[in-house]
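Trainee: Take this structure, written in structure tokens, and hold onto it; I'll ask about it next.
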Amino acid sequence: MATKSAGMANKGPSYGMSRQVQEKIDSKYDPELEQILVEWISRQCGSGVGRPEPGKTGFQAWLKDGCVLGELINSLFAGEKPVKKIQSSPMAFKQMEQISQFLNAAEKYGVTKTDMFQTVDLWEGKDLAAVQRTLSALGSLAVTKDEGTYNGDPNWFFKKAQENKRDFSDEQLKAGKNVIGLQMGSNKGASQEGMSYGRPRQIICQQQASPVN
């Protein structure tokens, strides 16, 4: 009897821990963000994609076959569309393939790997908060790029800080070039007197060379 109890005790924490982890993951899912993402995707893709039932389960079912995701990422590319064929299919591998095509295209668009969900996160519903994170990052990039393809309220997503840094770096580079130019101009007279690092080196070389002659 004691052995059986010990076995059950060993089995219990394993189940409890996995359930606790899943509950923690689920708690990260944001219902308010869900509403924003649904509104954005509906506007971005048009009425053809429909709308999901409210809640996490409906959100997953809406995106699970990869068709809505394919429409979304294609709508953000002004030129050639990254997902060539979007087709609804009841077959699991086809659905997962379309999700993978979305992820590849999203990375090409600029979403970082750290912001990217895994196919199973969506298809198996393992981490829908990660799916929200990827879509939010995509929306932020679309707002930041401002290429005319974003269709929605720009206040729904924040502008990516990396874009601001890049612009700021360009300004710094320009300012740096001006400063270097000014320094070079103001040092012209002094450099003709000897650039205290270059000329002594030349003198030493000449002194070392003279015995050979």
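Residue names in the structure tokens use chain letters A, B, ... in the order shown, residue numbers from 1 in each chain, and ligand numbers from 1 in the order shown.
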Quick one: residues within 9 Å of A:Phe117, only C-alpha atoms counted, chain neighbours fewer than 5 positions away excluded, as an mmCIF file with C-alpha atoms, in the first residue's frame?

Mentor:
```cif
data_model
loop_
_atom_site.group_PDB
_atom_site.id
_atom_site.type_symbol
_atom_site.label_atom_id
_atom_site.label_comp_id
_atom_site.auth_asym_id
_atom_site.auth_seq_id
_atom_site.Cartn_x
_atom_site.Cartn_y
_atom_site.Cartn_z
ATOM 1 C CA LEU A 103 6.687 32.816 -40.324
ATOM 2 C CA LEU A 122 -0.530 28.140 -32.842
ATOM 3 C CA ASP A 127 1.374 29.247 -26.554
ATOM 4 C CA LEU A 128 -1.114 31.667 -28.076
ATOM 5 C CA ALA A 129 0.507 34.520 -26.162
ATOM 6 C CA ALA A 130 3.568 33.953 -28.372
ATOM 7 C CA VAL A 131 1.302 34.210 -31.427
ATOM 8 C CA GLN A 132 0.033 37.555 -30.106
ATOM 9 C CA ARG A 133 3.627 38.693 -29.600
ATOM 10 C CA THR A 134 4.559 37.904 -33.207
#
```

Trainee: Would you kindly return, as JSON, numbers by chain, each protein, DNA or RNA residue with an atom no farther than 12 Å from any atom of A:Gly125, considering only C-alpha atoms and excluding same-chain residues fewer than 3 positions away?

Mentor: {"A": [22, 25, 26, 29, 56, 57, 58, 59, 60, 61, 62, 63, 64, 117, 118, 119, 120, 121, 122, 128, 129, 130, 131, 132]}

Trainee: So what do you get for atom CA of A:Val143 versus atom CA of A:Ile36, distance-wise?

Mentor: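 Separating atom CA of A:Val143 from atom CA of A:Ile36 is a distance of 14.2 Å.
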
Trainee: For A:Trp40, please output as a list in words all residues within 10 Å (counting only C-alpha atoms; exclusion window: fewer than 5 positions along the same chain).

Mentor: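 The residues satisfying every condition are Glu34, Gln35, Cys45, Gly46, Leu72, Leu135, Gly139, Tyr150, Asn151, Gly152, Asp153, Pro154 and Trp156 of chain A.
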
Trainee: Could you pull out all residues of stretch 88-137 of chain A with a DSSP call of alpha helix (DSSP H) and give them as number ranges by chain?

Mentor: A: 92-109, 119-123, 128-137

Trainee: Using atom CA of A:Val83 and atom CA of A:Asn104 as the two end points, give the distance in Å to one decimal.

Mentor: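 That distance, rounded to one decimal, is 9.3 Å.
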
Trainee: May I ask which of the residues A:Met116, A:Val111, A:Leu37, A:Val49 is the closest one to A:Leu138, counting only C-alpha atoms?

Mentor: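 Answer, going by the shortest atom-to-atom distance: A:Val111.
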
Trainee: Quick one: residues within 9 Å of A:Glu97, only C-alpha atoms counted, chain neighbours fewer than 3 positions away excluded, as a PyMOL selection string?

Mentor: chain A and resi 65-66+92-94+100-102+119

Trainee: One decimal, Å: what's the distance from atom CA of A:Lys81 over to atom CA of A:Ser140, could you say?

Mentor: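 Separating atom CA of A:Lys81 from atom CA of A:Ser140 is a distance of 19.7 Å.
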